[in-house]
Amino acid sequence: MMSNDMLFVESQPKENRWQKIWFIVVLLLLIVTCVIVYYFLFKEDLNFEDYKTVVDITTENGLGRLTLNEIIIDDNQILLNATFKPVKDLNFDHQIFFFPQVFVNGKEFTVRNGGQTIQQSDKSYTIYSSVKLSELPEDKILNLDIRYNDWNGEKKIDEPWEFQVEASQERLQEDKKVFPVEKKVKLLDGQEITIEKVVSTPISTTIYFLSENSLLNKALHFKIQSATGESWPFNVAYPLNEEYTKWGVRIDALYLTGKSYELIPIAANGSELGSAIKIGD
C-alpha cells in the first residue's frame, strides 16, 4: 500500500496528452504496479546491477541540489533514481514531482513520463522516474541528455538540472527475449489490430500491437499465461506514435524465461477476443 509520504504522478508530452479523465484512470491503474517496480529495482535486494549505470552526479540551482544516483535502461524505457535536497523555505513535499526530459543520442523518443516522490527526511526526497519511449537506438552505449525541467507538469524550471550520461544496454540486449507474434485480432467495435511481438527483459514485459487506423477503443486488455497456468494481466495500453496506430502495454517486474506461453486478448467487458495465441516454441 502507498503511505502518505509518496505519490505517483504521470504526464505525456504536451502535444500528445490524454484528456483529464483518461489521465486519472491511467494514474489509478498504474499506482500499485509502479510502487512495486521502483522498490524492486532500486530498493530490494535483487540483482539488477548488470543493468544499472551508477551516475552519482550533483547539480544545483535556486531550488536546491539534485543528485542523479543511477539509471536503468530497459526495453524502450529508462528508469531514473535521483535525490533532491530543497533550499530552505522552499514549499516542497511528496506531492511535487519533476518530469525529466530525456534525449537519447540527441533525439527525443518520450511517449510517457511518470514516477514517484518519496520523502526521506525534512531535507531529502527520493525521486523515481519512468520514461517510456517509442523506440531506442540499438547502440550498446547510449548518450543520454537528461534535463529535469518540469515542475509537477505545471510550469517549466528556469534553470533545469542537467546531466550528460553514457549508459550501457549491452547486457540488456543479451538477456532480452523477443517472441514474434504477427497475429490479427478483431475488436468488439469492428476495428482490427495486429499483435506484433512480445518483448521480455529481467525488468519488464511489453506487448506491442498495431492498427491501420487511429485506435479508438483504448480499453483493450491482454493476458499472458504460462504452461503451468500462471497468468499475468496487461491492462493499460499507451500510444507509441502521434497517429495512435502503434501501441504498447507493459507489466513491470515480469521476465518470461519459459519456452512457450499463451497470449489472450481481452475486451473491456472481460470476454476473450478469439482463441489464445501461442507464443514461443
# chains A, B, ... in the order shown; residues from 1 in each chain; ligands from 1
call {"tool": "residues_around", "arguments": {"residues": "A:Asn81", "least_positions_apart": "3", "cutoff": "8 Å", "atoms": "only C-alpha atoms", "output": "list in words"}}
result
Phe42, Leu68, Asn69, Glu70, Ile71, Thr126, Ile127, Tyr128 and Ser129 of chain A
call {"tool": "closest_residue", "arguments": {"among": "A:Val185, A:Ile264, A:Ala82, A:Leu136", "to": "A:Thr58", "atoms": "only C-alpha atoms"}}
result
A:Ala82
call {"tool": "closest_residue", "arguments": {"among": "A:Ser231, A:Asn152, A:Asn143, A:Thr245", "to": "A:Gln164", "atoms": "only C-alpha atoms"}}
result
A:Asn143
call {"tool": "atom_distance", "arguments": {"atom1": "atom CA of A:Asn269", "atom2": "atom CA of A:Glu212"}}
result
23.3 Å
call {"tool": "select_by_dssp", "arguments": {"residues": "stretch 64-218 of chain A", "states": "strand (DSSP E or B)", "output": "PyMOL selection string"}}
result
chain A and resi 64-74+77-86+98-104+107+110-121+124-133+141-151+155-168+177-186+192-200+204-211
call {"tool": "write_last_selection", "arguments": {"atoms": "C-alpha atoms", "output": "JSON list (two decimals), in the first residue's frame"}}
result
[["chain", "number", "residue", "atom", "x", "y", "z"],
["A", 64, "GLY", "CA", 18.09, 23.07, -4.42],
["A", 65, "ARG", "CA", 20.52, 20.26, -5.14],
["A", 66, "LEU", "CA", 19.59, 17.31, -7.32],
["A", 67, "THR", "CA", 21.77, 14.20, -7.42],
["A", 68, "LEU", "CA", 21.20, 11.70, -10.22],
["A", 69, "ASN", "CA", 22.05, 8.43, -8.49],
["A", 70, "GLU", "CA", 21.58, 5.74, -11.12],
["A", 71, "ILE", "CA", 19.88, 4.78, -14.37],
["A", 72, "ILE", "CA", 18.46, 1.54, -15.71],
["A", 73, "ILE", "CA", 17.98, 1.02, -19.45],
["A", 74, "ASP", "CA", 15.06, -1.30, -20.23],
["A", 77, "GLN", "CA", 12.09, 2.50, -21.14],
["A", 78, "ILE", "CA", 14.53, 4.42, -18.96],
["A", 79, "LEU", "CA", 14.31, 4.35, -15.17],
["A", 80, "LEU", "CA", 16.00, 7.06, -13.12],
["A", 81, "ASN", "CA", 16.70, 7.40, -9.40],
["A", 82, "ALA", "CA", 17.54, 10.87, -8.04],
["A", 83, "THR", "CA", 17.81, 12.61, -4.66],
["A", 84, "PHE", "CA", 16.54, 16.16, -4.16],
["A", 85, "LYS", "CA", 17.57, 18.46, -1.30],
["A", 86, "PRO", "CA", 15.47, 21.65, -1.49],
["A", 98, "PHE", "CA", 10.00, 16.79, -11.52],
["A", 99, "PHE", "CA", 9.32, 15.39, -15.01],
["A", 100, "PRO", "CA", 12.68, 14.72, -16.72],
["A", 101, "GLN", "CA", 13.15, 15.33, -20.41],
["A", 102, "VAL", "CA", 15.48, 12.71, -21.90],
["A", 103, "PHE", "CA", 17.31, 12.89, -25.21],
["A", 104, "VAL", "CA", 18.89, 9.65, -26.47],
["A", 107, "LYS", "CA", 16.83, 12.64, -30.17],
["A", 110, "THR", "CA", 9.46, 10.01, -24.98],
["A", 111, "VAL", "CA", 5.79, 8.99, -25.14],
["A", 112, "ARG", "CA", 5.04, 8.81, -21.41],
["A", 113, "ASN", "CA", 6.68, 10.15, -18.26],
["A", 114, "GLY", "CA", 5.80, 9.11, -14.72],
["A", 115, "GLY", "CA", 7.23, 8.39, -11.33],
["A", 116, "GLN", "CA", 7.18, 8.97, -7.57],
["A", 117, "THR", "CA", 8.49, 11.39, -4.99],
["A", 118, "ILE", "CA", 9.26, 9.78, -1.63],
["A", 119, "GLN", "CA", 10.14, 11.86, 1.41],
["A", 120, "GLN", "CA", 13.22, 10.52, 3.21],
["A", 121, "SER", "CA", 13.54, 13.35, 5.74],
["A", 124, "SER", "CA", 15.74, 15.00, 1.43],
["A", 125, "TYR", "CA", 13.45, 13.40, -1.16],
["A", 126, "THR", "CA", 13.99, 10.47, -3.49],
["A", 127, "ILE", "CA", 12.56, 10.97, -6.97],
["A", 128, "TYR", "CA", 11.97, 7.94, -9.16],
["A", 129, "SER", "CA", 11.18, 8.41, -12.84],
["A", 130, "SER", "CA", 9.95, 6.05, -15.55],
["A", 131, "VAL", "CA", 10.38, 7.41, -19.07],
["A", 132, "LYS", "CA", 8.67, 5.26, -21.70],
["A", 133, "LEU", "CA", 9.93, 5.61, -25.26],
["A", 141, "ILE", "CA", 26.25, 2.57, -25.36],
["A", 142, "LEU", "CA", 23.63, 5.33, -25.31],
["A", 143, "ASN", "CA", 24.40, 9.01, -24.83],
["A", 144, "LEU", "CA", 21.72, 10.48, -22.57],
["A", 145, "ASP", "CA", 21.00, 14.18, -22.09],
["A", 146, "ILE", "CA", 18.71, 14.37, -19.05],
["A", 147, "ARG", "CA", 17.01, 17.63, -18.12],
["A", 148, "TYR", "CA", 14.81, 17.96, -15.04],
["A", 149, "ASN", "CA", 12.95, 20.99, -16.36],
["A", 150, "ASP", "CA", 9.27, 20.43, -15.49],
["A", 151, "TRP", "CA", 7.72, 21.26, -12.11],
["A", 155, "LYS", "CA", 5.47, 25.02, -15.18],
["A", 156, "LYS", "CA", 8.98, 25.00, -16.57],
["A", 157, "ILE", "CA", 12.01, 25.21, -14.32],
["A", 158, "ASP", "CA", 14.04, 28.25, -15.36],
["A", 159, "GLU", "CA", 17.41, 26.71, -14.52],
["A", 160, "PRO", "CA", 16.89, 22.97, -15.01],
["A", 161, "TRP", "CA", 19.16, 20.35, -13.54],
["A", 162, "GLU", "CA", 21.03, 18.79, -16.46],
["A", 163, "PHE", "CA", 23.09, 15.61, -16.73],
["A", 164, "GLN", "CA", 25.03, 14.09, -19.60],
["A", 165, "VAL", "CA", 25.46, 10.35, -19.10],
["A", 166, "GLU", "CA", 26.67, 7.34, -21.05],
["A", 167, "ALA", "CA", 24.57, 4.27, -20.25],
["A", 168, "SER", "CA", 25.09, 0.71, -21.44],
["A", 177, "LYS", "CA", 13.75, -12.24, -25.18],
["A", 178, "VAL", "CA", 11.64, -11.44, -28.25],
["A", 179, "PHE", "CA", 8.56, -13.54, -29.06],
["A", 180, "PRO", "CA", 7.32, -12.79, -32.61],
["A", 181, "VAL", "CA", 3.52, -12.91, -32.92],
["A", 182, "GLU", "CA", 2.19, -11.19, -36.10],
["A", 183, "LYS", "CA", -1.43, -12.17, -35.44],
["A", 184, "LYS", "CA", -4.55, -10.17, -36.29],
["A", 185, "VAL", "CA", -7.34, -9.71, -33.74],
["A", 186, "LYS", "CA", -10.76, -8.14, -34.33],
["A", 192, "GLU", "CA", -8.65, -4.82, -36.26],
["A", 193, "ILE", "CA", -5.25, -4.83, -34.63],
["A", 194, "THR", "CA", -2.08, -6.76, -35.37],
["A", 195, "ILE", "CA", -0.21, -8.07, -32.35],
["A", 196, "GLU", "CA", 3.36, -7.60, -33.49],
["A", 197, "LYS", "CA", 5.52, -9.11, -30.75],
["A", 198, "VAL", "CA", 6.12, -9.63, -27.05],
["A", 199, "VAL", "CA", 9.42, -8.40, -25.61],
["A", 200, "SER", "CA", 10.56, -9.56, -22.19],
["A", 204, "SER", "CA", 9.55, -5.80, -17.66],
["A", 205, "THR", "CA", 7.48, -7.45, -20.38],
["A", 206, "THR", "CA", 5.75, -5.48, -23.15],
["A", 207, "ILE", "CA", 3.18, -6.43, -25.78],
["A", 208, "TYR", "CA", 3.40, -4.37, -28.99],
["A", 209, "PHE", "CA", 0.45, -4.05, -31.37],
["A", 210, "LEU", "CA", -0.53, -2.02, -34.42],
["A", 211, "SER", "CA", -3.75, -0.74, -36.01]]
call {"tool": "atom_distance", "arguments": {"atom1": "atom CA of A:Leu220", "atom2": "atom CA of A:Asn76"}}
result
20.6 Å
call {"tool": "select_by_dssp", "arguments": {"residues": "stretch 37-180 of chain A", "states": "alpha helix (DSSP H)", "output": "list of chain:residue names"}}
result
A:Val37, A:Tyr38, A:Tyr39, A:Phe40, A:Leu41, A:Phe42, A:Glu170, A:Arg171, A:Leu172, A:Gln173, A:Glu174, A:Asp175
call {"tool": "closest_residue", "arguments": {"among": "A:Ala276, A:Asp50, A:Leu63, A:Glu262", "to": "A:Lys88", "atoms": "only C-alpha atoms"}}
result
A:Leu63
call {"tool": "atom_distance", "arguments": {"atom1": "atom CA of A:Glu243", "atom2": "atom CA of A:Pro137"}}
result
21.2 Å
